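**Q** Compact mmCIF, C-alpha atoms, file start_26.txt:
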# COMPACT_ATOMS: atom_id res chain seq x y z
CA MET O 1 4.82 -5.27 37.65
CA SER O 2 8.51 -6.16 37.90
CA PHE O 3 9.98 -8.93 40.04
CA ASP O 4 9.98 -7.86 43.70
CA ALA O 5 12.57 -9.68 45.83
CA ALA O 6 10.85 -8.67 49.08
CA LEU O 7 7.51 -9.93 47.80
CA ALA O 8 9.22 -13.12 46.65
CA LEU O 9 10.49 -13.67 50.19
CA THR O 10 7.00 -13.22 51.62
CA THR O 11 5.41 -15.55 49.09
CA VAL O 12 8.01 -18.31 49.42
CA GLN O 13 7.65 -18.15 53.20
CA LEU O 14 3.88 -18.38 52.85
CA SER O 15 4.29 -21.31 50.46
CA SER O 16 6.36 -23.02 53.15
CA ILE O 17 3.85 -22.20 55.90
CA ALA O 18 1.13 -23.84 53.78
CA TYR O 19 2.66 -27.21 54.72
CA HIS O 20 2.31 -26.54 58.45
CA PRO O 21 -0.58 -27.84 60.60
CA LEU O 22 -3.53 -25.46 60.75
CA ASP O 23 -2.94 -24.02 64.23
CA GLN O 24 0.78 -23.58 63.57
CA ALA O 25 0.20 -21.95 60.17
CA GLU O 26 -2.13 -19.38 61.71
CA ARG O 27 0.57 -18.45 64.23
CA ASP O 28 3.36 -18.45 61.66
CA ILE O 29 1.82 -15.76 59.47
CA GLU O 30 1.88 -13.22 62.31
CA PRO O 31 5.65 -12.47 62.17
CA LEU O 32 5.11 -11.64 58.49
CA GLY O 33 2.64 -8.92 59.49
CA LEU O 34 -0.37 -10.85 58.19
CA SER O 35 -3.77 -11.53 59.68
CA SER O 36 -7.29 -12.65 58.76
CA PHE O 37 -6.14 -16.22 58.25
CA ARG O 38 -8.70 -18.52 56.68
CA GLN O 39 -8.00 -22.05 55.47
CA PHE O 40 -9.82 -24.09 52.81
CA SER O 41 -9.58 -27.88 52.49
CA GLY O 42 -10.72 -30.46 49.97
CA ALA O 43 -9.96 -34.16 49.62
CA SER O 44 -6.50 -33.43 48.25
CA THR O 45 -6.25 -29.63 48.22
CA GLN O 46 -5.42 -27.13 50.93
CA ALA O 47 -5.18 -23.37 50.60
CA PHE O 48 -5.37 -20.31 52.81
CA VAL O 49 -5.98 -16.60 52.54
CA ALA O 50 -4.26 -13.96 54.64
CA GLN O 51 -3.72 -10.23 54.28
CA ASP O 52 -1.80 -7.16 55.37
CA GLY O 53 -2.61 -3.49 54.82
CA GLU O 54 -1.77 -3.56 51.13
CA ARG O 55 -2.14 -7.09 49.84
CA ARG O 56 -4.32 -10.17 50.10
CA TYR O 57 -2.51 -13.48 49.60
CA LEU O 58 -4.03 -16.68 48.25
CA VAL O 59 -1.65 -19.53 49.05
CA PHE O 60 -1.91 -23.13 47.83
CA ARG O 61 -0.20 -26.03 49.56
CA GLY O 62 2.07 -28.18 47.45
CA THR O 63 2.63 -31.89 47.14
CA GLU O 64 3.50 -33.96 50.17
CA SER O 65 5.24 -37.21 49.25
CA THR O 66 3.47 -39.02 52.09
CA HIS O 67 0.06 -38.04 50.75
CA HIS O 68 -0.73 -40.46 47.92
CA ILE O 69 -3.79 -38.53 46.75
CA ASP O 70 -1.60 -35.54 45.91
CA TRP O 71 0.65 -37.70 43.77
CA MET O 72 -2.36 -39.24 42.05
CA ARG O 73 -3.56 -35.76 41.14
CA ASP O 74 -0.11 -34.91 39.77
CA ALA O 75 -0.19 -38.06 37.64
CA GLU O 76 -3.48 -37.22 35.88
CA PHE O 77 -1.76 -35.73 32.84
CA MET O 78 -4.66 -35.97 30.39
CA PRO O 79 -5.85 -32.47 29.45
CA THR O 80 -9.38 -31.25 29.94
CA SER O 81 -11.26 -28.04 29.19
CA GLY O 82 -10.13 -24.96 31.12
CA VAL O 83 -10.55 -21.20 31.24
CA PHE O 84 -10.30 -19.08 28.08
CA GLY O 85 -11.60 -22.11 26.16
CA THR O 86 -8.23 -23.84 26.50
CA ARG O 87 -6.96 -27.21 27.73
CA VAL O 88 -5.41 -27.73 31.16
CA HIS O 89 -4.13 -30.56 33.35
CA ALA O 90 -7.16 -32.61 34.41
CA GLY O 91 -5.83 -33.51 37.86
CA PHE O 92 -4.93 -29.93 38.71
CA ARG O 93 -8.32 -28.69 37.57
CA ARG O 94 -10.12 -31.26 39.75
CA ALA O 95 -7.92 -30.37 42.72
CA LEU O 96 -8.72 -26.67 42.35
CA ASP O 97 -12.44 -27.41 41.95
CA GLU O 98 -12.45 -28.98 45.42
CA VAL O 99 -11.98 -25.62 47.14
CA TRP O 100 -12.86 -23.07 44.48
CA ASP O 101 -16.40 -22.17 45.52
CA ASP O 102 -15.23 -21.59 49.09
CA VAL O 103 -12.17 -19.57 48.08
CA VAL O 104 -13.73 -17.14 45.60
CA PRO O 105 -15.77 -15.02 48.07
CA HIS O 106 -12.60 -14.31 50.04
CA VAL O 107 -10.45 -13.09 47.14
CA THR O 108 -12.80 -11.00 45.03
CA ALA O 109 -12.90 -7.81 47.13
CA GLU O 110 -10.96 -4.98 45.46
CA ASP O 111 -9.73 -3.33 48.67
CA ARG O 112 -6.27 -4.93 48.42
CA ALA O 113 -3.95 -6.11 45.68
CA LEU O 114 -4.25 -9.86 45.17
CA VAL O 115 -1.11 -12.02 45.15
CA ILE O 116 -1.34 -15.75 44.43
CA THR O 117 1.41 -18.21 45.28
CA GLY O 118 2.32 -21.83 45.91
CA HIS O 119 5.08 -24.45 45.72
CA SER O 120 5.01 -27.65 43.66
CA LEU O 121 1.40 -28.73 43.05
CA GLY O 122 0.47 -25.50 44.85
CA GLY O 123 2.23 -23.53 42.13
CA GLY O 124 0.16 -25.28 39.48
CA LEU O 125 -3.03 -24.51 41.39
CA ALA O 126 -1.94 -20.90 41.87
CA THR O 127 -1.53 -20.57 38.11
CA LEU O 128 -4.95 -22.03 37.36
CA ALA O 129 -6.57 -19.91 40.09
CA ALA O 130 -5.05 -16.74 38.65
CA ALA O 131 -6.34 -17.65 35.20
CA ARG O 132 -9.87 -18.27 36.50
CA LEU O 133 -9.97 -14.98 38.36
CA ALA O 134 -8.64 -13.07 35.36
CA ALA O 135 -11.24 -14.72 33.13
CA ASP O 136 -13.92 -13.47 35.55
CA GLY O 137 -12.56 -9.92 35.37
CA ARG O 138 -10.81 -9.90 38.75
CA ASP O 139 -7.51 -8.03 38.90
CA VAL O 140 -4.59 -10.24 39.93
CA ASP O 141 -1.61 -8.15 41.00
CA SER O 142 1.01 -10.88 40.74
CA VAL O 143 1.65 -14.62 40.79
CA TYR O 144 4.79 -16.15 42.34
CA THR O 145 5.33 -19.91 42.02
CA TYR O 146 8.13 -22.15 43.28
CA GLY O 147 9.02 -25.47 41.68
CA ALA O 148 5.74 -25.46 39.76
CA PRO O 149 4.83 -28.04 37.11
CA ARG O 150 3.39 -27.16 33.72
CA THR O 151 -0.37 -26.66 34.07
CA GLY O 152 -1.80 -26.40 30.57
CA LEU O 153 -1.25 -27.00 26.88
CA LYS O 154 0.05 -24.50 24.34
CA ASP O 155 -3.31 -22.78 23.99
CA PHE O 156 -3.58 -22.21 27.74
CA ALA O 157 -0.03 -20.87 27.92
CA ALA O 158 -0.73 -18.40 25.11
CA ALA O 159 -4.00 -17.17 26.63
CA TYR O 160 -2.48 -16.92 30.10
CA THR O 161 0.55 -15.03 28.85
CA ALA O 162 -1.64 -12.46 27.09
CA ARG O 163 -3.41 -11.64 30.35
CA LEU O 164 -1.06 -12.43 33.22
CA GLY O 165 2.33 -13.32 31.74
CA SER O 166 3.98 -10.03 32.67
CA ASP O 167 2.95 -10.37 36.32
CA THR O 168 3.81 -14.05 36.82
CA TYR O 169 7.18 -15.17 38.19
CA ARG O 170 8.07 -18.85 38.05
CA VAL O 171 11.05 -19.66 40.25
CA ILE O 172 13.13 -22.77 39.43
CA ASN O 173 15.86 -24.23 41.61
CA HIS O 174 18.41 -25.73 39.21
CA ILE O 175 17.35 -29.25 38.07
CA ASP O 176 14.13 -29.45 40.08
CA ILE O 177 12.37 -32.43 38.53
CA VAL O 178 8.82 -31.18 39.13
CA THR O 179 9.38 -28.17 36.86
CA ARG O 180 9.91 -30.61 33.98
CA VAL O 181 6.48 -32.26 34.09
CA PRO O 182 4.14 -32.79 32.37
CA LEU O 183 6.48 -33.22 29.41
CA LEU O 184 6.91 -30.90 26.43
CA ILE O 185 6.19 -33.84 24.17
CA GLN O 186 2.73 -33.94 25.77
CA LYS O 187 2.32 -30.32 24.53
CA TYR O 188 2.29 -28.81 28.01
CA ARG O 189 3.96 -25.41 28.37
CA HIS O 190 5.07 -23.16 31.23
CA VAL O 191 3.84 -19.60 31.74
CA GLY O 192 5.34 -16.42 33.16
CA HIS O 193 8.88 -15.17 33.62
CA ARG O 194 11.45 -17.91 34.24
CA MET O 195 13.46 -17.01 37.38
CA TYR O 196 16.30 -19.49 37.62
CA PHE O 197 18.87 -20.43 40.27
CA ASP O 198 21.80 -22.35 38.84
CA GLY O 199 23.75 -25.14 40.52
CA SER O 200 25.91 -22.71 42.47
CA GLY O 201 22.89 -20.76 43.69
CA LYS O 202 23.43 -17.79 41.38
CA PHE O 203 20.19 -16.05 40.40
CA HIS O 204 19.35 -15.55 36.72
CA PRO O 205 16.15 -13.52 36.11
CA ASP O 206 14.46 -14.55 32.87
CA ALA O 207 17.13 -17.20 32.16
CA GLY O 208 17.25 -18.51 28.61
CA ALA O 209 16.32 -22.06 27.71
CA TRP O 210 19.80 -22.79 26.34
CA GLN O 211 21.42 -21.62 29.57
CA ILE O 212 19.23 -24.00 31.57
CA ALA O 213 19.87 -26.86 29.14
CA ARG O 214 23.61 -26.33 29.57
CA GLU O 215 23.26 -26.33 33.37
CA ASP O 216 21.22 -29.51 33.14
CA LEU O 217 23.87 -31.27 31.10
CA ILE O 218 26.60 -30.26 33.53
CA ALA O 219 24.52 -31.51 36.46
CA ARG O 220 23.70 -34.83 34.79
CA LEU O 221 27.37 -35.46 34.13
CA ARG O 222 28.37 -34.42 37.65
CA TYR O 223 25.75 -36.66 39.27
CA PHE O 224 25.90 -39.49 36.73
CA GLY O 225 24.72 -42.75 38.29
CA ARG O 226 23.59 -41.02 41.50
CA ILE O 227 20.09 -40.22 42.73
CA GLU O 228 20.95 -36.50 42.70
CA SER O 229 20.76 -36.58 38.90
CA ALA O 230 16.96 -36.80 39.12
CA GLY O 231 16.73 -33.38 40.76
CA VAL O 232 14.35 -34.51 43.50
CA GLY O 233 16.29 -32.83 46.31
CA LYS O 234 16.25 -29.52 44.45
CA HIS O 235 12.47 -29.45 44.77
CA ASP O 236 12.19 -29.18 48.56
CA ILE O 237 10.55 -25.98 49.78
CA PRO O 238 13.38 -25.19 52.27
CA ARG O 239 15.75 -25.03 49.28
CA TYR O 240 13.53 -22.42 47.67
CA VAL O 241 13.30 -20.40 50.87
CA ASP O 242 17.10 -20.38 51.14
CA ARG O 243 17.52 -19.37 47.50
CA ILE O 244 15.14 -16.43 47.79
CA LYS O 245 16.78 -15.31 51.03
CA SER O 246 20.11 -15.20 49.20
CA ILE O 247 18.91 -12.41 46.88
CA GLN O 248 17.54 -10.09 49.56
Can you turn what I pasted into structure tokens?
**A**
Amino acid sequence: MSFDAALALTTVQLSSIAYHPLDQAERDIEPLGLSSFRQFSGASTQAFVAQDGERRYLVFRGTESTHHIDWMRDAEFMPTSGVFGTRVHAGFRRALDEVWDDVVPHVTAEDRALVITGHSLGGGLATLAAARLAADGRDVDSVYTYGAPRTGLKDFAAAYTARLGSDTYRVINHIDIVTRVPLLIQKYRHVGHRMYFDGSGKFHPDAGAWQIAREDLIARLRYFGRIESAGVGKHDIPRYVDRIKSIQ
């Protein structure tokens, strides 16, 4: 399945709605033509499922800076065993485990195409959820993530790519710091197609690593000595919503 700008808009809006309070989130999916809202909560993990006539969406909430448990999960970089006999981020796996048994019965019906999405930590959980479902033989139509961290080591990335790489779209807003962790030196790797917005907001589907490295260098020099050089502001979900709207 190729990148679908309209589907990207729906998924980034759903990823934003995932941060809303429960009653507001249930109302906010209606203008998108969605219904059958059901939320799942663990100690540090929130997700919801909604659907329209064609697709069922599994949406994971991302990291909230005011929620210290989320940041603790993000910081648990030590790998542990994951699907396909590979190694994945221990904190992300534990976070997904909190809601997994409740989520699975609501995403395994084959009556609609399944789309999985999330921003930040939610993007990492979306990736792991897609891998688990694929390992169990469930068809996953597509995965759209926004500002997602790396979720597994080289072996996980290779196994994931073989099964879901062609249907996974990983959107990066310029120098978003969260997309750079865990570190390459820790042997973590990204998965899926790299969909990159540069510093001017121009969209580069499947951008090359050298192009991004060049953009990074330009940004570091431009913001030298300023907090902007860390790329924290580029990570905010409203920035991703605006970027995706710009390509409609």
**Q** Please compute the atom CA of O:Ile29-atom CA of O:Ile116 distance, one decimal, in Å.
**A**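 For atom CA of O:Ile29 relative to atom CA of O:Ile116, the distance reads 15.4 Å.
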**Q** Between atom CA of O:Thr127 and atom CA of O:Arg214, what distance in Å does the model show, to one decimal?
**A**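 If I compute the distance from atom CA of O:Thr127 to atom CA of O:Arg214, I get 27.2 Å.
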**Q** Which residue gives the smallest distance to O:Asp167 among O:Asp101, O:Asp155, O:Asp139, O:Asp198, with only C-alpha atoms counted?
**A**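 Closest candidate: O:Asp139.
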**Q** So what do you get for atom CA of O:Gln51 versus atom CA of O:Glu26, distance-wise?
**A**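 Computed distance, atom CA of O:Gln51 to atom CA of O:Glu26, equals 11.9 Å.
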**Q** Given the choices O:Gly192, O:Pro79, O:Pro31, O:Pro105, which gets closest to O:Gln13 if the distance is worked out from all atoms listed in the file?
**A**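 For O:Gln13, the nearest of the candidates is O:Pro31.
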**Q** Got a sec: who's within 12 Å of O:Asp136, counting all atoms listed in the file, leaving out chain neighbours fewer than 5 positions off, as a PyMOL selection string?
**A** chain O and resi 83-84+104+108+129-131+163
**Q** Skipping near chain neighbours, those fewer than 2 positions away, what residues fall within 12 Å of O:Ala162 using only C-alpha atoms, listed as a ChimeraX atom specification?
**A** /O:84,131,134-135,155-160,164-168,191-192
**Q** Set the distance at 8 Å and use only C-alpha atoms: which residues neighbour O:Ala148 once local chain neighbours fewer than 2 positions away are removed? I'd like the list as a ChimeraX atom specification.
**A** /O:118-124,145-146,150,170-172,178-179
**Q** Do a neighbour search on O:Gly62 at 12 Å with all atoms listed in the file, toss out local chain neighbours closer than 4 positions, and write the hits as a PyMOL selection string.
**A** chain O and resi 12+14-20+44-47+66-67+69-71+73-74+92+95+117-126+145-149+178+235-237
**Q** Near O:Gly201, within 10 Å and counting only C-alpha atoms, which residues show up once chain neighbours fewer than 5 positions away are dropped, as a PyMOL selection string?
**A** chain O and resi 173-174+196+242-244+246-247
**Q** Put a box with edges along x, y and z around all the listed atoms of stretch 120-126 of chain O, pad it by 4 Å on each side, then give me its centre and sizes in Å, one decimal, as AutoDock Vina command-line options.
**A**
--center_x 1.0 --center_y -24.8 --center_z 42.2 --size_x 16.0 --size_y 15.8 --size_z 13.4
**Q** Around (-10.8, -13.1, 45.5), as given in the file, which residues come within 9 Å? Count only C-alpha atoms and list them as a list in words.
**A**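 Residues satisfying the cut-off, written out: Arg56, Leu58, Val103, Val104, Pro105, His106, Val107, Thr108, Ala109, Glu110, Leu114, Leu133, Arg138, Asp139 and Val140 of chain O.
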**Q** Which residue out of O:Ser2, O:Gln248, O:Thr10, O:Gln24 has the minimum interatomic distance to O:Pro205 when only C-alpha atoms are used?
**A** O:Ser2
**Q** Using all atoms listed in the file, which residue out of O:Asp4, O:Asp23, O:Val241, O:Phe40 lies closest to O:Glu98?
**A**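 Closest residue, counting all atoms listed in the file: O:Phe40.
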**Q** Given the choices O:Met78, O:Met195, O:Leu22, O:Ala8, which gets closest to O:Tyr144 if the distance is worked out from only C-alpha atoms?
**A**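 Of O:Met78, O:Met195, O:Leu22, O:Ala8, the one nearest O:Tyr144 is O:Ala8, counting only C-alpha atoms.
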**Q** When you get a chance, write out N, CA and C atoms for stretch 143-171 of chain O, as an mmCIF file, in the coordinates of the input.
**A**
data_model
loop_
_atom_site.group_PDB
_atom_site.id
_atom_site.type_symbol
_atom_site.label_atom_id
_atom_site.label_comp_id
_atom_site.auth_asym_id
_atom_site.auth_seq_id
_atom_site.Cartn_x
_atom_site.Cartn_y
_atom_site.Cartn_z
ATOM 1 N N VAL O 143 1.636 -13.195 40.504
ATOM 2 C CA VAL O 143 1.650 -14.620 40.790
ATOM 3 C C VAL O 143 3.115 -15.042 40.948
ATOM 4 N N TYR O 144 3.441 -15.655 42.087
ATOM 5 C CA TYR O 144 4.790 -16.150 42.340
ATOM 6 C C TYR O 144 4.697 -17.650 42.618
ATOM 7 N N THR O 145 5.360 -18.459 41.795
ATOM 8 C CA THR O 145 5.330 -19.910 42.020
ATOM 9 C C THR O 145 6.746 -20.431 42.208
ATOM 10 N N TYR O 146 6.834 -21.555 42.928
ATOM 11 C CA TYR O 146 8.130 -22.150 43.280
ATOM 12 C C TYR O 146 8.100 -23.641 42.955
ATOM 13 N N GLY O 147 8.985 -24.064 42.061
ATOM 14 C CA GLY O 147 9.020 -25.470 41.680
ATOM 15 C C GLY O 147 7.710 -25.956 41.090
ATOM 16 N N ALA O 148 7.068 -25.126 40.292
ATOM 17 C CA ALA O 148 5.740 -25.460 39.760
ATOM 18 C C ALA O 148 5.833 -26.326 38.514
ATOM 19 N N PRO O 149 4.906 -27.253 38.349
ATOM 20 C CA PRO O 149 4.830 -28.040 37.110
ATOM 21 C C PRO O 149 4.149 -27.225 36.006
ATOM 22 N N ARG O 150 4.165 -27.751 34.801
ATOM 23 C CA ARG O 150 3.390 -27.160 33.720
ATOM 24 C C ARG O 150 1.916 -27.461 33.967
ATOM 25 N N THR O 151 1.040 -26.496 33.694
ATOM 26 C CA THR O 151 -0.370 -26.660 34.070
ATOM 27 C C THR O 151 -1.323 -26.759 32.893
ATOM 28 N N GLY O 152 -0.886 -26.368 31.711
ATOM 29 C CA GLY O 152 -1.800 -26.400 30.570
ATOM 30 C C GLY O 152 -1.062 -26.582 29.263
ATOM 31 N N LEU O 153 -1.825 -26.812 28.206
ATOM 32 C CA LEU O 153 -1.250 -27.000 26.880
ATOM 33 C C LEU O 153 -0.871 -25.653 26.253
ATOM 34 N N LYS O 154 -0.415 -25.706 25.016
ATOM 35 C CA LYS O 154 0.050 -24.500 24.340
ATOM 36 C C LYS O 154 -1.009 -23.406 24.320
ATOM 37 N N ASP O 155 -2.266 -23.791 24.094
ATOM 38 C CA ASP O 155 -3.310 -22.780 23.990
ATOM 39 C C ASP O 155 -3.534 -22.069 25.320
ATOM 40 N N PHE O 156 -3.453 -22.829 26.423
ATOM 41 C CA PHE O 156 -3.580 -22.210 27.740
ATOM 42 C C PHE O 156 -2.413 -21.266 28.006
ATOM 43 N N ALA O 157 -1.199 -21.702 27.690
ATOM 44 C CA ALA O 157 -0.030 -20.870 27.920
ATOM 45 C C ALA O 157 -0.127 -19.549 27.158
ATOM 46 N N ALA O 158 -0.606 -19.615 25.913
ATOM 47 C CA ALA O 158 -0.730 -18.400 25.110
ATOM 48 C C ALA O 158 -1.776 -17.453 25.681
ATOM 49 N N ALA O 159 -2.926 -18.002 26.072
ATOM 50 C CA ALA O 159 -4.000 -17.170 26.630
ATOM 51 C C ALA O 159 -3.586 -16.587 27.971
ATOM 52 N N TYR O 160 -2.942 -17.392 28.783
ATOM 53 C CA TYR O 160 -2.480 -16.920 30.100
ATOM 54 C C TYR O 160 -1.457 -15.799 29.937
ATOM 55 N N THR O 161 -0.507 -16.016 29.049
ATOM 56 C CA THR O 161 0.550 -15.030 28.850
ATOM 57 C C THR O 161 -0.014 -13.693 28.409
ATOM 58 N N ALA O 162 -1.033 -13.712 27.563
ATOM 59 C CA ALA O 162 -1.640 -12.460 27.090
ATOM 60 C C ALA O 162 -2.256 -11.660 28.218
ATOM 61 N N ARG O 163 -2.715 -12.330 29.263
ATOM 62 C CA ARG O 163 -3.410 -11.640 30.350
ATOM 63 C C ARG O 163 -2.558 -11.453 31.598
ATOM 64 N N LEU O 164 -1.754 -12.448 31.933
ATOM 65 C CA LEU O 164 -1.060 -12.430 33.220
ATOM 66 C C LEU O 164 0.445 -12.708 33.106
ATOM 67 N N GLY O 165 0.933 -12.932 31.907
ATOM 68 C CA GLY O 165 2.330 -13.320 31.740
ATOM 69 C C GLY O 165 3.310 -12.325 32.326
ATOM 70 N N SER O 166 3.038 -11.042 32.188
ATOM 71 C CA SER O 166 3.980 -10.030 32.670
ATOM 72 C C SER O 166 4.011 -9.910 34.177
ATOM 73 N N ASP O 167 3.025 -10.466 34.863
ATOM 74 C CA ASP O 167 2.950 -10.370 36.320
ATOM 75 C C ASP O 167 3.145 -11.715 37.011
ATOM 76 N N THR O 168 3.628 -12.702 36.276
ATOM 77 C CA THR O 168 3.810 -14.050 36.820
ATOM 78 C C THR O 168 5.299 -14.393 36.837
ATOM 79 N N TYR O 169 5.763 -14.858 38.002
ATOM 80 C CA TYR O 169 7.180 -15.170 38.190
ATOM 81 C C TYR O 169 7.309 -16.616 38.655
ATOM 82 N N ARG O 170 7.950 -17.415 37.834
ATOM 83 C CA ARG O 170 8.070 -18.850 38.050
ATOM 84 C C ARG O 170 9.502 -19.182 38.432
ATOM 85 N N VAL O 171 9.706 -19.461 39.715
ATOM 86 C CA VAL O 171 11.050 -19.660 40.250
ATOM 87 C C VAL O 171 11.430 -21.142 40.155
#
